[in-house]
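Peer 1: One file: query00.pdb (PDB, C-alpha atoms, pLDDT in the B column).
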```pdb
MODEL        1
ATOM      1  CA  MET A  19     -85.435-118.892-122.815  1.00 52.00           C
ATOM      2  CA  LYS A  20     -86.746-117.855-126.235  1.00 54.00           C
ATOM      3  CA  LYS A  21     -89.093-115.351-124.578  1.00 53.00           C
ATOM      4  CA  ILE A  22     -86.216-113.742-122.665  1.00 55.00           C
ATOM      5  CA  ILE A  23     -84.126-113.453-125.832  1.00 55.00           C
ATOM      6  CA  GLY A  24     -87.126-112.037-127.700  1.00 53.00           C
ATOM      7  CA  LEU A  25     -87.733-109.411-124.989  1.00 49.00           C
ATOM      8  CA  PHE A  26     -84.050-108.511-125.007  1.00 53.00           C
ATOM      9  CA  LEU A  27     -84.079-108.011-128.786  1.00 48.00           C
ATOM     10  CA  VAL A  28     -87.217-105.849-128.623  1.00 48.00           C
ATOM     11  CA  ALA A  29     -85.624-103.686-125.907  1.00 52.00           C
ATOM     12  CA  LEU A  30     -82.387-103.401-127.893  1.00 51.00           C
ATOM     13  CA  ILE A  31     -84.235-102.308-131.034  1.00 55.00           C
ATOM     14  CA  GLY A  32     -86.228 -99.792-128.976  1.00 48.00           C
ATOM     15  CA  PHE A  33     -83.055 -98.206-127.567  1.00 49.00           C
ATOM     16  CA  THR A  34     -81.489 -98.080-131.049  1.00 48.00           C
ATOM     17  CA  VAL A  35     -84.506 -96.250-132.480  1.00 46.00           C
ATOM     18  CA  MET A  36     -84.464 -93.730-129.602  1.00 49.00           C
ATOM     19  CA  ALA A  37     -80.810 -92.857-130.285  1.00 57.00           C
ATOM     20  CA  GLN A  38     -81.355 -91.795-133.908  1.00 77.00           C
ATOM     21  CA  ALA A  39     -80.538 -88.263-134.960  1.00 81.00           C
ATOM     22  CA  ASP A  40     -83.237 -85.733-135.759  1.00 95.00           C
ATOM     23  CA  THR A  41     -82.962 -82.779-138.146  1.00 95.00           C
ATOM     24  CA  ALA A  42     -84.076 -79.160-138.326  1.00 95.00           C
ATOM     25  CA  THR A  43     -83.830 -77.111-141.526  1.00 95.00           C
ATOM     26  CA  VAL A  44     -83.906 -73.381-142.238  1.00 95.00           C
ATOM     27  CA  SER A  45     -83.341 -71.414-145.471  1.00 94.00           C
ATOM     28  CA  LEU A  46     -82.548 -67.785-146.319  1.00 92.00           C
ATOM     29  CA  SER A  47     -82.418 -66.056-149.716  1.00 90.00           C
ATOM     30  CA  VAL A  48     -79.910 -63.230-150.053  1.00 89.00           C
ATOM     31  CA  THR A  49     -78.844 -61.037-152.949  1.00 87.00           C
ATOM     32  CA  ASN A  50     -75.548 -59.533-154.012  1.00 85.00           C
ATOM     33  CA  GLY A  51     -74.116 -57.346-151.245  1.00 81.00           C
ATOM     34  CA  GLN A  52     -77.159 -57.713-148.965  1.00 85.00           C
ATOM     35  CA  ALA A  53     -76.525 -56.913-145.310  1.00 85.00           C
ATOM     36  CA  ILE A  54     -76.540 -59.690-142.757  1.00 88.00           C
ATOM     37  CA  THR A  55     -79.861 -61.544-142.566  1.00 90.00           C
ATOM     38  CA  TYR A  56     -81.012 -63.747-139.673  1.00 93.00           C
ATOM     39  CA  SER A  57     -83.222 -66.816-139.892  1.00 93.00           C
ATOM     40  CA  ASP A  58     -86.020 -67.720-137.553  1.00 92.00           C
ATOM     41  CA  ALA A  59     -84.992 -69.840-134.577  1.00 93.00           C
ATOM     42  CA  ILE A  60     -83.895 -73.342-135.542  1.00 94.00           C
ATOM     43  CA  PRO A  61     -85.874 -75.874-133.444  1.00 93.00           C
ATOM     44  CA  ALA A  62     -82.967 -78.094-132.419  1.00 94.00           C
ATOM     45  CA  SER A  63     -82.157 -79.247-128.912  1.00 94.00           C
ATOM     46  CA  GLY A  64     -79.847 -82.049-127.853  1.00 96.00           C
ATOM     47  CA  ILE A  65     -76.407 -83.291-128.866  1.00 96.00           C
ATOM     48  CA  LEU A  66     -75.148 -81.695-132.085  1.00 96.00           C
ATOM     49  CA  GLU A  67     -74.000 -84.242-134.678  1.00 97.00           C
ATOM     50  CA  LYS A  68     -73.337 -82.117-137.783  1.00 97.00           C
ATOM     51  CA  ILE A  69     -74.427 -79.074-139.776  1.00 97.00           C
ATOM     52  CA  GLU A  70     -74.895 -79.122-143.561  1.00 97.00           C
ATOM     53  CA  VAL A  71     -74.888 -75.802-145.421  1.00 96.00           C
ATOM     54  CA  VAL A  72     -76.041 -75.860-149.059  1.00 95.00           C
ATOM     55  CA  GLN A  73     -76.117 -72.911-151.476  1.00 92.00           C
ATOM     56  CA  SER A  74     -78.387 -72.805-154.533  1.00 91.00           C
ATOM     57  CA  ASP A  75     -75.780 -70.839-156.522  1.00 87.00           C
ATOM     58  CA  ALA A  76     -72.514 -72.793-156.747  1.00 83.00           C
ATOM     59  CA  THR A  77     -70.601 -69.625-157.737  1.00 84.00           C
ATOM     60  CA  ALA A  78     -71.911 -67.541-154.834  1.00 86.00           C
ATOM     61  CA  THR A  79     -69.664 -66.484-151.968  1.00 88.00           C
ATOM     62  CA  SER A  80     -71.521 -66.018-148.688  1.00 88.00           C
ATOM     63  CA  THR A  81     -70.615 -65.744-145.038  1.00 91.00           C
ATOM     64  CA  VAL A  82     -72.702 -68.108-142.909  1.00 94.00           C
ATOM     65  CA  THR A  83     -72.815 -68.307-139.116  1.00 95.00           C
ATOM     66  CA  VAL A  84     -74.859 -70.806-137.110  1.00 96.00           C
ATOM     67  CA  ALA A  85     -74.937 -69.845-133.446  1.00 95.00           C
ATOM     68  CA  THR A  86     -77.076 -69.156-130.417  1.00 95.00           C
ATOM     69  CA  TYR A  87     -77.945 -65.472-130.327  1.00 94.00           C
ATOM     70  CA  SER A  88     -78.750 -62.789-127.814  1.00 92.00           C
ATOM     71  CA  GLY A  89     -80.420 -60.236-130.056  1.00 90.00           C
ATOM     72  CA  THR A  90     -78.000 -59.953-132.984  1.00 90.00           C
ATOM     73  CA  THR A  91     -74.913 -60.989-130.982  1.00 93.00           C
ATOM     74  CA  ALA A  92     -73.624 -64.541-131.474  1.00 93.00           C
ATOM     75  CA  VAL A  93     -73.080 -66.118-128.052  1.00 92.00           C
ATOM     76  CA  ASP A  94     -72.011 -69.674-128.919  1.00 92.00           C
ATOM     77  CA  THR A  95     -70.919 -70.235-132.538  1.00 94.00           C
ATOM     78  CA  MET A  96     -71.345 -73.767-133.898  1.00 94.00           C
ATOM     79  CA  ALA A  97     -70.358 -73.019-137.510  1.00 95.00           C
ATOM     80  CA  GLY A  98     -68.604 -69.924-138.856  1.00 94.00           C
ATOM     81  CA  LEU A  99     -68.057 -70.147-142.613  1.00 94.00           C
ATOM     82  CA  THR A 100     -66.349 -67.127-144.158  1.00 90.00           C
ATOM     83  CA  ALA A 101     -66.438 -66.678-147.948  1.00 86.00           C
ATOM     84  CA  LEU A 102     -68.245 -69.995-148.408  1.00 88.00           C
ATOM     85  CA  VAL A 103     -68.273 -71.238-151.987  1.00 87.00           C
ATOM     86  CA  GLY A 104     -70.379 -74.314-152.716  1.00 87.00           C
ATOM     87  CA  ASN A 105     -71.572 -76.580-149.931  1.00 93.00           C
ATOM     88  CA  LYS A 106     -70.044 -77.521-146.586  1.00 94.00           C
ATOM     89  CA  VAL A 107     -70.478 -80.071-143.800  1.00 97.00           C
ATOM     90  CA  VAL A 108     -69.331 -79.021-140.319  1.00 96.00           C
ATOM     91  CA  ARG A 109     -68.927 -81.502-137.453  1.00 96.00           C
ATOM     92  CA  PRO A 110     -68.281 -79.270-134.429  1.00 94.00           C
ATOM     93  CA  ARG A 111     -66.428 -80.625-131.425  1.00 91.00           C
ATOM     94  CA  VAL A 112     -65.653 -78.663-128.286  1.00 88.00           C
ATOM     95  CA  ILE A 113     -63.265 -78.918-125.405  1.00 84.00           C
ATOM     96  CA  GLY A 114     -64.331 -78.283-121.855  1.00 83.00           C
ATOM     97  CA  THR A 115     -63.469 -75.101-120.035  1.00 85.00           C
ATOM     98  CA  THR A 116     -62.549 -74.071-116.543  1.00 85.00           C
ATOM     99  CA  THR A 117     -65.112 -72.321-114.364  1.00 90.00           C
ATOM    100  CA  ALA A 118     -63.662 -69.063-115.733  1.00 90.00           C
ATOM    101  CA  GLY A 119     -64.563 -70.108-119.309  1.00 85.00           C
ATOM    102  CA  VAL A 120     -60.947 -70.749-120.355  1.00 85.00           C
ATOM    103  CA  ASN A 121     -60.177 -73.826-122.497  1.00 80.00           C
ATOM    104  CA  LEU A 122     -58.552 -76.631-120.551  1.00 78.00           C
ATOM    105  CA  ALA A 123     -54.792 -76.604-121.060  1.00 69.00           C
ATOM    106  CA  GLY A 124     -52.321 -79.292-122.033  1.00 63.00           C
ATOM    107  CA  VAL A 125     -50.116 -80.936-119.456  1.00 62.00           C
ATOM    108  CA  PRO A 126     -46.572 -82.275-119.862  1.00 58.00           C
ATOM    109  CA  VAL A 127     -46.324 -85.900-120.957  1.00 58.00           C
ATOM    110  CA  ASP A 128     -43.372 -86.368-118.643  1.00 61.00           C
ATOM    111  CA  THR A 129     -41.163 -83.984-116.731  1.00 60.00           C
ATOM    112  CA  ASN A 130     -38.335 -84.211-119.295  1.00 62.00           C
ATOM    113  CA  ALA A 131     -40.553 -83.500-122.309  1.00 59.00           C
ATOM    114  CA  VAL A 132     -40.809 -80.062-123.862  1.00 62.00           C
ATOM    115  CA  THR A 133     -44.116 -80.776-125.602  1.00 65.00           C
ATOM    116  CA  THR A 134     -47.508 -81.051-123.947  1.00 62.00           C
ATOM    117  CA  VAL A 135     -50.497 -83.214-124.676  1.00 63.00           C
ATOM    118  CA  LEU A 136     -54.083 -82.132-124.244  1.00 58.00           C
ATOM    119  CA  MET A 137     -55.591 -84.422-121.648  1.00 65.00           C
ATOM    120  CA  ALA A 138     -59.228 -83.327-122.094  1.00 68.00           C
ATOM    121  CA  PRO A 139     -61.309 -84.908-124.862  1.00 75.00           C
ATOM    122  CA  TYR A 140     -63.120 -83.076-127.639  1.00 82.00           C
ATOM    123  CA  GLU A 141     -66.832 -83.743-127.333  1.00 89.00           C
ATOM    124  CA  LYS A 142     -70.024 -83.181-129.298  1.00 94.00           C
ATOM    125  CA  PRO A 143     -71.647 -79.996-127.967  1.00 93.00           C
ATOM    126  CA  MET A 144     -75.091 -79.741-126.431  1.00 93.00           C
ATOM    127  CA  ILE A 145     -77.335 -77.289-128.299  1.00 93.00           C
ATOM    128  CA  GLY A 146     -80.598 -75.553-127.583  1.00 90.00           C
ATOM    129  CA  GLY A 147     -82.037 -72.112-127.114  1.00 89.00           C
ATOM    130  CA  ASN A 148     -82.150 -69.318-129.674  1.00 93.00           C
ATOM    131  CA  ILE A 149     -80.182 -70.993-132.502  1.00 95.00           C
ATOM    132  CA  LYS A 150     -80.199 -69.048-135.777  1.00 95.00           C
ATOM    133  CA  MET A 151     -78.393 -68.919-139.086  1.00 95.00           C
ATOM    134  CA  ALA A 152     -76.992 -65.570-140.174  1.00 94.00           C
ATOM    135  CA  VAL A 153     -76.039 -65.004-143.828  1.00 93.00           C
ATOM    136  CA  THR A 154     -74.265 -62.043-145.374  1.00 88.00           C
ATOM    137  CA  GLY A 155     -75.148 -61.228-148.984  1.00 80.00           C
ATOM    138  CA  THR A 156     -73.515 -63.094-151.800  1.00 76.00           C
ATOM    139  CA  PHE A 157     -70.806 -61.768-154.051  1.00 74.00           C
ATOM    140  CA  ASN A 158     -72.315 -62.601-157.415  1.00 73.00           C
ATOM    141  CA  ALA A 159     -74.941 -61.125-159.698  1.00 67.00           C
ATOM    142  CA  GLY A 160     -77.962 -63.084-158.530  1.00 81.00           C
ATOM    143  CA  THR A 161     -79.930 -64.372-155.602  1.00 87.00           C
ATOM    144  CA  ASN A 162     -78.559 -67.201-153.484  1.00 89.00           C
ATOM    145  CA  THR A 163     -80.650 -69.444-151.239  1.00 92.00           C
ATOM    146  CA  VAL A 164     -78.653 -70.816-148.328  1.00 93.00           C
ATOM    147  CA  THR A 165     -80.117 -73.855-146.571  1.00 95.00           C
ATOM    148  CA  CYS A 166     -78.855 -75.088-143.226  1.00 96.00           C
ATOM    149  CA  LYS A 167     -79.741 -78.551-141.930  1.00 97.00           C
ATOM    150  CA  VAL A 168     -78.833 -79.262-138.317  1.00 97.00           C
ATOM    151  CA  TYR A 169     -78.509 -82.924-137.300  1.00 97.00           C
ATOM    152  CA  PHE A 170     -78.876 -83.563-133.574  1.00 96.00           C
ATOM    153  CA  THR A 171     -79.725 -86.346-131.154  1.00 96.00           C
ATOM    154  CA  PRO A 172     -82.592 -85.314-128.870  1.00 95.00           C
ATOM    155  CA  VAL A 173     -81.985 -85.747-125.150  1.00 90.00           C
ATOM    156  CA  SER A 174     -84.693 -86.654-122.658  1.00 82.00           C
ATOM    157  CA  LYS A 175     -85.686 -83.848-120.306  1.00 71.00           C
TER     158      LYS A 175
ENDMDL
END
```
Just give me the structure of the file as structure tokens.
Peer 2:
Amino acid sequence: MKKIIGLFLVALIGFTVMAQADTATVSLSVTNGQAITYSDAIPASGILEKIEVVQSDATATSTVTVATYSGTTAVDTMAGLTALVGNKVVRPRVIGTTTAGVNLAGVPVDTNAVTTVLMAPYEKPMIGGNIKMAVTGTFNAGTNTVTCKVYFTPVSK
């Protein structure tokens, strides 16, 4: 009996370790008024947990976008921070779409109700592919280093 319990505990610990989040980090330095700058691809693939964006200059104002890209066109935006001052944590959640790419709609709670309730859950998105961070120059007198850390749970292939 002790052996069975021991094996169960070892298996449970193994599954817990496999489910831990991984991280990928990328940084860009931009100057006052600099045009949009793109990072190298961020090596993240799996279920997106959160995105942390940290600026070296607390007074800087930057626009930061984390998305999958086709060339310089954002295809699927995971974080879009306009006029960011300081640091930010983003925990993206998405709602499913129809086969036409339209967000699922709400449905009436009951036939006499005027309001609707969304019946589809918000979920953590799957990420992968050509994920990059794009930063537009800061609005201050100096150089600002923007660091993006993506937390994700890898998924078996």
Peer 1: Give me, please, the distance in Å between atom CA of A:Asn158 and atom CA of A:Thr100, quoted to one decimal.
Peer 2: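 So the two atoms, atom CA of A:Asn158 and atom CA of A:Thr100, lie 15.2 Å apart.
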Peer 1: Between A:Ala85, A:Val103, A:Ala92, A:Val44, which is the closest to A:Leu66 once you count all atoms listed in the file?
Peer 2: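 With all atoms listed in the file as the atom set, the closest residue is A:Ala85.
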Peer 1: So which residues get picked by the PyMOL selection byres ((chain A and resi 60) around 6) here, written as a list of chain:residue names?
Peer 2: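 Here the PyMOL selection byres ((chain A and resi 60) around 6) matches A:Ala59, A:Pro61, A:Ala62, A:Ile149, A:Lys150.
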Peer 1: Can you tell me, as a list in words, what residues are no more than 12 Å from A:Pro110 when counting all atoms listed in the file, ignoring any on the same chain fewer than 4 positions away?
Peer 2: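 The filter keeps Ile65, Leu66, Glu67, Lys68, Ile69, Glu70, Val84, Ala85, Asp94, Thr95, Met96, Ala97, Gly98, Tyr140, Glu141, Lys142, Pro143, Met144, Ile145, Val168, Tyr169 and Phe170 of chain A.
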Peer 1: Taking (-74.4, -65.8, -152.9) in the file's coordinates, which residues come within 12 Å, counting all atoms listed in the file, written as a PDB file with C-alpha atoms, in the frame of the given file?
Peer 2:
```
ATOM      1  CA  LEU A  46     -82.548 -67.785-146.319  1.00 92.00           C
ATOM      2  CA  SER A  47     -82.418 -66.056-149.716  1.00 90.00           C
ATOM      3  CA  VAL A  48     -79.910 -63.230-150.053  1.00 89.00           C
ATOM      4  CA  THR A  49     -78.844 -61.037-152.949  1.00 87.00           C
ATOM      5  CA  ASN A  50     -75.548 -59.533-154.012  1.00 85.00           C
ATOM      6  CA  GLY A  51     -74.116 -57.346-151.245  1.00 81.00           C
ATOM      7  CA  GLN A  52     -77.159 -57.713-148.965  1.00 85.00           C
ATOM      8  CA  ALA A  53     -76.525 -56.913-145.310  1.00 85.00           C
ATOM      9  CA  VAL A  72     -76.041 -75.860-149.059  1.00 95.00           C
ATOM     10  CA  GLN A  73     -76.117 -72.911-151.476  1.00 92.00           C
ATOM     11  CA  SER A  74     -78.387 -72.805-154.533  1.00 91.00           C
ATOM     12  CA  ASP A  75     -75.780 -70.839-156.522  1.00 87.00           C
ATOM     13  CA  ALA A  76     -72.514 -72.793-156.747  1.00 83.00           C
ATOM     14  CA  THR A  77     -70.601 -69.625-157.737  1.00 84.00           C
ATOM     15  CA  ALA A  78     -71.911 -67.541-154.834  1.00 86.00           C
ATOM     16  CA  THR A  79     -69.664 -66.484-151.968  1.00 88.00           C
ATOM     17  CA  SER A  80     -71.521 -66.018-148.688  1.00 88.00           C
ATOM     18  CA  THR A  81     -70.615 -65.744-145.038  1.00 91.00           C
ATOM     19  CA  VAL A  82     -72.702 -68.108-142.909  1.00 94.00           C
ATOM     20  CA  THR A 100     -66.349 -67.127-144.158  1.00 90.00           C
ATOM     21  CA  ALA A 101     -66.438 -66.678-147.948  1.00 86.00           C
ATOM     22  CA  LEU A 102     -68.245 -69.995-148.408  1.00 88.00           C
ATOM     23  CA  VAL A 103     -68.273 -71.238-151.987  1.00 87.00           C
ATOM     24  CA  GLY A 104     -70.379 -74.314-152.716  1.00 87.00           C
ATOM     25  CA  ASN A 105     -71.572 -76.580-149.931  1.00 93.00           C
ATOM     26  CA  VAL A 153     -76.039 -65.004-143.828  1.00 93.00           C
ATOM     27  CA  THR A 154     -74.265 -62.043-145.374  1.00 88.00           C
ATOM     28  CA  GLY A 155     -75.148 -61.228-148.984  1.00 80.00           C
ATOM     29  CA  THR A 156     -73.515 -63.094-151.800  1.00 76.00           C
ATOM     30  CA  PHE A 157     -70.806 -61.768-154.051  1.00 74.00           C
ATOM     31  CA  ASN A 158     -72.315 -62.601-157.415  1.00 73.00           C
ATOM     32  CA  ALA A 159     -74.941 -61.125-159.698  1.00 67.00           C
ATOM     33  CA  GLY A 160     -77.962 -63.084-158.530  1.00 81.00           C
ATOM     34  CA  THR A 161     -79.930 -64.372-155.602  1.00 87.00           C
ATOM     35  CA  ASN A 162     -78.559 -67.201-153.484  1.00 89.00           C
ATOM     36  CA  THR A 163     -80.650 -69.444-151.239  1.00 92.00           C
ATOM     37  CA  VAL A 164     -78.653 -70.816-148.328  1.00 93.00           C
ATOM     38  CA  THR A 165     -80.117 -73.855-146.571  1.00 95.00           C
TER      39      THR A 165
END
```
Peer 1: Please measure the separation of atom CA of A:Val112 and atom CA of A:Thr90, giving the value in Å to one decimal.
Peer 2: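 Calculated distance between atom CA of A:Val112 and atom CA of A:Thr90 is 22.9 Å.
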Peer 1: In Å to one decimal, how far is atom CA of A:Ile113 from atom CA of A:Thr41?
Peer 2: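 It comes out at 23.8 Å.
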Peer 1: Which residue is closest to A:Ala152? Choose from A:Gln38, A:Thr86, A:Thr55, A:Ser174 and count all atoms listed in the file.
Peer 2: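 Among the listed residues, the smallest separation from A:Ala152 belongs to A:Thr55.
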Peer 1: With all atoms listed in the file as the basis for distance, which of A:Asn148, A:Val173, A:Leu122, A:Ser63 is at the shortest distance from A:Gly89?
Peer 2: A:Asn148
Peer 1: I'd like to know which of A:Thr115, A:Thr171, A:Thr43, A:Thr83 is closest to A:Met151, using all atoms listed in the file.
Peer 2: A:Thr83
Peer 1: Could I see stretch 144-172 of chain A restored to N, CA and C atoms, set down as a compact mmCIF listing (two decimals), keeping the file's coordinate frame?
Peer 2:
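Result went into part.txt, see below:
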```txt
# COMPACT_ATOMS: atom_id res chain seq x y z
N MET A 144 -73.65 -79.78 -126.67
CA MET A 144 -75.09 -79.74 -126.43
C MET A 144 -75.60 -78.44 -127.05
N ILE A 145 -76.76 -78.49 -127.70
CA ILE A 145 -77.33 -77.29 -128.30
C ILE A 145 -78.75 -77.11 -127.81
N GLY A 146 -79.24 -75.90 -127.96
CA GLY A 146 -80.60 -75.55 -127.58
C GLY A 146 -80.68 -74.06 -127.42
N GLY A 147 -81.87 -73.55 -127.29
CA GLY A 147 -82.04 -72.11 -127.11
C GLY A 147 -82.31 -71.41 -128.42
N ASN A 148 -81.87 -70.17 -128.53
CA ASN A 148 -82.15 -69.32 -129.67
C ASN A 148 -81.10 -69.52 -130.77
N ILE A 149 -81.14 -70.68 -131.45
CA ILE A 149 -80.18 -70.99 -132.50
C ILE A 149 -80.70 -70.40 -133.81
N LYS A 150 -79.83 -69.65 -134.50
CA LYS A 150 -80.20 -69.05 -135.78
C LYS A 150 -79.06 -69.19 -136.77
N MET A 151 -79.40 -69.01 -138.04
CA MET A 151 -78.39 -68.92 -139.09
C MET A 151 -78.36 -67.47 -139.54
N ALA A 152 -77.17 -66.92 -139.66
CA ALA A 152 -76.99 -65.57 -140.17
C ALA A 152 -76.21 -65.67 -141.48
N VAL A 153 -76.69 -64.97 -142.52
CA VAL A 153 -76.04 -65.00 -143.83
C VAL A 153 -75.80 -63.58 -144.30
N THR A 154 -74.59 -63.32 -144.76
CA THR A 154 -74.26 -62.04 -145.37
C THR A 154 -74.40 -62.21 -146.88
N GLY A 155 -74.88 -61.18 -147.55
CA GLY A 155 -75.15 -61.23 -148.98
C GLY A 155 -74.05 -61.84 -149.81
N THR A 156 -74.44 -62.40 -150.92
CA THR A 156 -73.52 -63.09 -151.80
C THR A 156 -72.72 -62.11 -152.64
N PHE A 157 -71.62 -62.57 -153.15
CA PHE A 157 -70.81 -61.77 -154.05
C PHE A 157 -70.91 -62.38 -155.44
N ASN A 158 -72.06 -62.19 -156.03
CA ASN A 158 -72.32 -62.60 -157.42
C ASN A 158 -73.45 -61.72 -157.94
N ALA A 159 -73.93 -62.00 -159.10
CA ALA A 159 -74.94 -61.12 -159.70
C ALA A 159 -76.37 -61.50 -159.35
N GLY A 160 -76.59 -62.63 -158.72
CA GLY A 160 -77.96 -63.08 -158.53
C GLY A 160 -78.37 -63.26 -157.09
N THR A 161 -79.42 -64.04 -156.93
CA THR A 161 -79.93 -64.37 -155.60
C THR A 161 -79.43 -65.76 -155.23
N ASN A 162 -79.08 -65.93 -153.97
CA ASN A 162 -78.56 -67.20 -153.48
C ASN A 162 -79.42 -67.65 -152.32
N THR A 163 -79.91 -68.88 -152.36
CA THR A 163 -80.65 -69.44 -151.24
C THR A 163 -79.71 -70.35 -150.46
N VAL A 164 -79.53 -70.03 -149.20
CA VAL A 164 -78.65 -70.82 -148.33
C VAL A 164 -79.54 -71.64 -147.40
N THR A 165 -79.33 -72.95 -147.41
CA THR A 165 -80.12 -73.86 -146.57
C THR A 165 -79.19 -74.52 -145.56
N CYS A 166 -79.62 -74.49 -144.32
CA CYS A 166 -78.86 -75.09 -143.23
C CYS A 166 -79.68 -76.22 -142.63
N LYS A 167 -79.09 -77.41 -142.57
CA LYS A 167 -79.74 -78.55 -141.93
C LYS A 167 -78.90 -78.95 -140.73
N VAL A 168 -79.51 -78.92 -139.56
CA VAL A 168 -78.83 -79.26 -138.32
C VAL A 168 -79.25 -80.67 -137.92
N TYR A 169 -78.27 -81.54 -137.75
CA TYR A 169 -78.51 -82.92 -137.30
C TYR A 169 -78.17 -82.98 -135.82
N PHE A 170 -79.09 -83.49 -135.02
CA PHE A 170 -78.88 -83.56 -133.57
C PHE A 170 -79.58 -84.79 -133.01
N THR A 171 -79.08 -85.25 -131.86
CA THR A 171 -79.72 -86.35 -131.15
C THR A 171 -80.48 -85.75 -129.98
N PRO A 172 -81.81 -85.86 -129.98
CA PRO A 172 -82.59 -85.31 -128.87
C PRO A 172 -82.21 -86.00 -127.55
```
